[in-house]
Amino acid sequence: MKRLSLLALSATLVFSLCIAGVRADSLPAELNDICTAEEWQTLLLVNEQRLEQELVPYSIFPNLQTAAHTRKQELVTLYSHDRLSEQPWHTAITEVGVGYQSAAENIAAGQTTPESVVAAWMNSEGHRNNILDSAMTHAGVGYTKDGFLGTSWVTLFMTDKCAVSAIELSQTSAACPSGSSIRDLDIYVKATCTKHGACYLPLLDGMCSGFDPNGTNQTVTVTYAGKTAALQLVSGQALDTTGADAWAINWLEQADALGLLSSCNRTNFTADITRLQFADLSVNLAQKLTGKAISPAPADTFSDTAEDVILKAKAAGIASGYTVDGGFEFRPNNPITRQEICVMLANVVSYVEKTAGQADLDRSETLSGAFPDAADVAGWAIKPVALMCNNGVMNGRTQGSATLLTPLAHTSLQEGVTLAVKLHDIVK
């Protein structure tokens, strides 16, 4: 270990000539701009090693990834901790405007998979010490298969005594097949670092509490760097669309893939959808679009229900209730009307926009279609109905020779699910 002023710097290398095809798990599409699948898998495996030692996992961020990518290209020509410019490796970090108090570098060549390179590093005392350094907070990972060595790998480790101020999950709900792991769900954590902004890392089982691999519907608490987020998991059994109309099957499967279908919305697709069921759909949709879990309102908000998802809908302003004798009822088992559906979906849009920014939508307050029964829309629902109809979420119903809104009519679960998927595709 060499020391320079207040900076603790270390560098270690390992070489293994065994050239073959590289295998890596898939990379979330949202991260394509900052790392490769091989680099993401390397980070995942390194973090599993840290979690086994009860250490906080590493996260990556764009500037440090740029530094790692510079180093991986330099290794193609010169396999050394010295750079082509004859400067030491750590100048690649400062060149991209990243300061640090401690930093280290692992390099390797010839390994054919992320698994093999991490195994090689863990079998080397210097590399292992870098991976398991409790003071380090971030990593930058680089991989290339170019050059005379066949493959080159690098991981930059650093800390600048920074902290995490908030975390978000790429999915706040997911289907989890019985016996599978959270790692298999390909969810990632987006952490906000006080010095480096948005940082990313794979969600692993060791970061989660309250998880039962053989459980059905459960809420898991994700913890990273002292911050927490909630993850809702459903049984993950293959969606059985028996009884659904043929036109609805694709919409139902899309909703299931998005994690919108909790256990209460996975059967009886042609039955009228209830206020509870649509509140559940709307909350899952809002959490999916924002990547943030919604905290529930107090348990005594409604006199007739303490359902967690209804309390979340109330807290987010997605759903309200009925005033009764100075209190509030939600009436969860009542069928929901089409105009009430439009109101909830419009409230989802408002919540998402407050949380994640303005959506590109037609804001006209007049219905663009000519519906003979438009006057049946209640005054409090006119704007939400216009928002949903004008943006192609809610369509009219053909009755005889006319196309009607039927705002006071009920609708089926499969139709409600379809509306949620349509809004997702418009706002995402």
# chains A, B, ... in the order shown; residues from 1 in each chain; ligands from 1
$ select_by_dssp --residues "stretch 8-202 of chain A" --states "strand (DSSP E)" --output "JSON, numbers by chain"
{"A": [8, 9, 10, 11, 12, 13, 14, 15, 102, 103, 104, 105, 106, 107, 108, 109, 138, 139, 140, 141, 142, 143, 144, 152, 153, 154, 155, 156, 157, 158, 159, 164, 165, 166, 167, 168, 169, 173, 174, 175, 188, 189, 190, 191, 192, 193, 197, 198, 199, 200, 201, 202]}
$ select_by_dssp --residues "stretch 39-95 of chain A" --states "helix (DSSP H, G or I)" --output "PyMOL selection string"
chain A and resi 39-52+62-77+91-95
$ closest_atom_pairs --of "stretch 117-225 of chain A" --to "stretch 272-289 of chain A" --cutoff "10 Å" --atoms "only C-alpha atoms" --output "JSON lines"
{"residue": "A:Leu169", "atom": "CA", "partner": "A:Lys288", "partner_atom": "CA", "distance": 9.2}
{"residue": "A:Ser170", "atom": "CA", "partner": "A:Lys288", "partner_atom": "CA", "distance": 7.8}
{"residue": "A:Gln171", "atom": "CA", "partner": "A:Lys288", "partner_atom": "CA", "distance": 5.8}
{"residue": "A:Thr172", "atom": "CA", "partner": "A:Gln287", "partner_atom": "CA", "distance": 6.0}
{"residue": "A:Ser173", "atom": "CA", "partner": "A:Asn284", "partner_atom": "CA", "distance": 7.0}
{"residue": "A:Ala174", "atom": "CA", "partner": "A:Lys288", "partner_atom": "CA", "distance": 9.7}
$ residues_around --residues "A:Ala374" --least-positions-apart "2" --cutoff "10 Å" --atoms "only C-alpha atoms" --output "PyMOL selection string"
chain A and resi 367+369-372+376-378+382+385+404-407
$ write_last_selection --atoms "N, CA, C and O atoms" --output "short mmCIF file (atom, residue, chain, number, x, y, z; two decimals), in the first residue's frame"
data_model
loop_
_atom_site.label_atom_id
_atom_site.label_comp_id
_atom_site.auth_asym_id
_atom_site.auth_seq_id
_atom_site.Cartn_x
_atom_site.Cartn_y
_atom_site.Cartn_z
N LEU A 367 -63.91 17.05 -24.48
CA LEU A 367 -63.79 15.75 -25.12
C LEU A 367 -63.62 15.90 -26.62
O LEU A 367 -64.37 16.63 -27.27
N GLY A 369 -64.00 13.52 -28.84
CA GLY A 369 -64.99 12.71 -29.56
C GLY A 369 -66.41 13.19 -29.27
O GLY A 369 -66.68 13.86 -28.27
N ALA A 370 -67.31 12.87 -30.15
CA ALA A 370 -68.72 13.26 -29.96
C ALA A 370 -69.45 12.10 -29.30
O ALA A 370 -69.76 11.10 -29.96
N PHE A 371 -69.69 12.21 -28.02
CA PHE A 371 -70.38 11.16 -27.28
C PHE A 371 -71.77 11.67 -26.91
O PHE A 371 -71.90 12.67 -26.19
N PRO A 372 -72.83 11.01 -27.38
CA PRO A 372 -74.19 11.47 -27.10
C PRO A 372 -74.50 11.57 -25.60
O PRO A 372 -75.37 12.35 -25.20
N ASP A 376 -73.75 13.07 -19.16
CA ASP A 376 -73.91 12.22 -17.99
C ASP A 376 -72.68 12.23 -17.08
O ASP A 376 -72.73 11.73 -15.95
N VAL A 377 -71.57 12.78 -17.59
CA VAL A 377 -70.35 12.84 -16.77
C VAL A 377 -70.56 13.85 -15.65
O VAL A 377 -70.96 14.99 -15.88
N ALA A 378 -70.26 13.46 -14.43
CA ALA A 378 -70.39 14.36 -13.29
C ALA A 378 -69.42 15.51 -13.41
O ALA A 378 -68.33 15.37 -13.99
N ILE A 382 -65.32 15.69 -15.16
CA ILE A 382 -65.20 16.13 -16.56
C ILE A 382 -63.74 16.20 -17.01
O ILE A 382 -63.37 15.67 -18.07
N VAL A 385 -62.06 12.68 -17.17
CA VAL A 385 -62.59 11.90 -18.29
C VAL A 385 -62.02 12.42 -19.61
O VAL A 385 -61.62 11.63 -20.48
N LEU A 404 -70.90 5.42 -26.99
CA LEU A 404 -71.25 6.08 -25.75
C LEU A 404 -70.10 6.01 -24.74
O LEU A 404 -69.31 5.07 -24.74
N LEU A 405 -70.05 7.01 -23.88
CA LEU A 405 -69.07 7.01 -22.80
C LEU A 405 -69.49 6.08 -21.67
O LEU A 405 -68.65 5.48 -21.01
N THR A 406 -70.75 5.99 -21.41
CA THR A 406 -71.30 5.25 -20.27
C THR A 406 -70.51 5.51 -18.99
O THR A 406 -70.00 4.58 -18.37
N PRO A 407 -70.39 6.77 -18.56
CA PRO A 407 -69.53 7.10 -17.43
C PRO A 407 -69.98 6.50 -16.11
O PRO A 407 -69.15 6.32 -15.20
#
$ atom_distance --atom1 "atom CA of A:Asp146" --atom2 "atom CA of A:Gly110"
10.7 Å
$ closest_residue --among "A:Ile310, A:Val222, A:Ala244, A:Leu149" --to "A:Pro332" --atoms "only C-alpha atoms"
A:Ile310
$ residues_around --residues "stretch 48-63 of chain A" --least-positions-apart "3" --cutoff "7 Å" --atoms "only C-alpha atoms" --output "PyMOL selection string"
chain A and resi 34+44-45+66-67+96+132+134+137-140+198-201+206+225
$ write_last_selection --atoms "N, CA, C and O atoms" --output "mmCIF file, in the first residue's frame"
data_model
loop_
_atom_site.group_PDB
_atom_site.id
_atom_site.type_symbol
_atom_site.label_atom_id
_atom_site.label_comp_id
_atom_site.auth_asym_id
_atom_site.auth_seq_id
_atom_site.Cartn_x
_atom_site.Cartn_y
_atom_site.Cartn_z
ATOM 1 N N ILE A 34 -23.860 3.423 -19.468
ATOM 2 C CA ILE A 34 -22.734 3.568 -18.540
ATOM 3 C C ILE A 34 -21.965 2.276 -18.284
ATOM 4 O O ILE A 34 -20.852 2.334 -17.753
ATOM 5 N N LEU A 44 -22.035 -7.108 -9.561
ATOM 6 C CA LEU A 44 -22.944 -7.960 -8.784
ATOM 7 C C LEU A 44 -22.158 -8.984 -7.970
ATOM 8 O O LEU A 44 -22.400 -9.172 -6.764
ATOM 9 N N LEU A 45 -21.195 -9.641 -8.598
ATOM 10 C CA LEU A 45 -20.431 -10.686 -7.915
ATOM 11 C C LEU A 45 -19.529 -10.110 -6.833
ATOM 12 O O LEU A 45 -19.362 -10.703 -5.759
ATOM 13 N N THR A 66 -16.568 6.159 -16.583
ATOM 14 C CA THR A 66 -15.741 6.724 -17.660
ATOM 15 C C THR A 66 -14.268 6.484 -17.375
ATOM 16 O O THR A 66 -13.488 6.110 -18.269
ATOM 17 N N ALA A 67 -13.863 6.680 -16.145
ATOM 18 C CA ALA A 67 -12.473 6.437 -15.766
ATOM 19 C C ALA A 67 -12.105 4.963 -15.944
ATOM 20 O O ALA A 67 -11.022 4.630 -16.451
ATOM 21 N N VAL A 96 -11.491 12.831 -14.761
ATOM 22 C CA VAL A 96 -12.920 12.973 -15.046
ATOM 23 C C VAL A 96 -13.613 13.805 -13.966
ATOM 24 O O VAL A 96 -14.848 13.829 -13.884
ATOM 25 N N LEU A 132 -12.843 -6.006 -0.336
ATOM 26 C CA LEU A 132 -13.466 -6.032 0.992
ATOM 27 C C LEU A 132 -13.034 -4.864 1.875
ATOM 28 O O LEU A 132 -13.176 -4.935 3.107
ATOM 29 N N SER A 134 -13.626 -1.888 3.835
ATOM 30 C CA SER A 134 -14.855 -1.311 4.383
ATOM 31 C C SER A 134 -14.940 0.194 4.198
ATOM 32 O O SER A 134 -16.023 0.779 4.292
ATOM 33 N N THR A 137 -16.592 3.065 -1.032
ATOM 34 C CA THR A 137 -18.042 3.194 -1.227
ATOM 35 C C THR A 137 -18.483 2.995 -2.673
ATOM 36 O O THR A 137 -19.610 2.562 -2.918
ATOM 37 N N HIS A 138 -17.627 3.336 -3.638
ATOM 38 C CA HIS A 138 -18.001 3.257 -5.053
ATOM 39 C C HIS A 138 -17.006 2.407 -5.823
ATOM 40 O O HIS A 138 -15.842 2.274 -5.431
ATOM 41 N N ALA A 139 -17.464 1.872 -6.949
ATOM 42 C CA ALA A 139 -16.606 1.123 -7.849
ATOM 43 C C ALA A 139 -16.857 1.573 -9.279
ATOM 44 O O ALA A 139 -17.964 1.985 -9.626
ATOM 45 N N GLY A 140 -15.832 1.496 -10.091
ATOM 46 C CA GLY A 140 -15.964 1.670 -11.525
ATOM 47 C C GLY A 140 -15.431 0.406 -12.174
ATOM 48 O O GLY A 140 -14.330 -0.050 -11.832
ATOM 49 N N ALA A 198 -26.520 10.426 -9.052
ATOM 50 C CA ALA A 198 -27.160 9.127 -9.254
ATOM 51 C C ALA A 198 -26.119 8.018 -9.367
ATOM 52 O O ALA A 198 -25.200 8.081 -10.186
ATOM 53 N N CYS A 199 -26.268 6.988 -8.540
ATOM 54 C CA CYS A 199 -25.396 5.818 -8.531
ATOM 55 C C CYS A 199 -26.275 4.571 -8.625
ATOM 56 O O CYS A 199 -27.440 4.595 -8.234
ATOM 57 N N TYR A 200 -25.691 3.469 -9.112
ATOM 58 C CA TYR A 200 -26.501 2.290 -9.406
ATOM 59 C C TYR A 200 -25.822 1.014 -8.910
ATOM 60 O O TYR A 200 -24.586 0.899 -8.935
ATOM 61 N N LEU A 201 -26.637 0.040 -8.504
ATOM 62 C CA LEU A 201 -26.126 -1.275 -8.134
ATOM 63 C C LEU A 201 -27.246 -2.296 -8.231
ATOM 64 O O LEU A 201 -28.420 -1.943 -8.094
ATOM 65 N N GLY A 206 -29.003 -10.254 -0.085
ATOM 66 C CA GLY A 206 -28.387 -9.798 1.154
ATOM 67 C C GLY A 206 -28.738 -8.380 1.537
ATOM 68 O O GLY A 206 -28.420 -7.944 2.651
ATOM 69 N N ALA A 225 -26.917 1.482 2.466
ATOM 70 C CA ALA A 225 -26.240 2.637 3.050
ATOM 71 C C ALA A 225 -27.135 3.387 4.033
ATOM 72 O O ALA A 225 -27.138 4.616 4.066
#
$ residues_around --residues "stretch 175-191 of chain A" --least-positions-apart "6" --cutoff "7 Å" --atoms "only C-alpha atoms" --output "ChimeraX atom specification"
/A:164,166-169,198-205,213-215,233-237,259
$ closest_residue --among "A:Lys161, A:Thr70, A:Ser10, A:Lys195" --to "A:Asn106" --atoms "only C-alpha atoms"
A:Ser10
$ atom_distance --atom1 "atom CA of A:Glu39" --atom2 "atom CA of A:Ile107"
13.0 Å
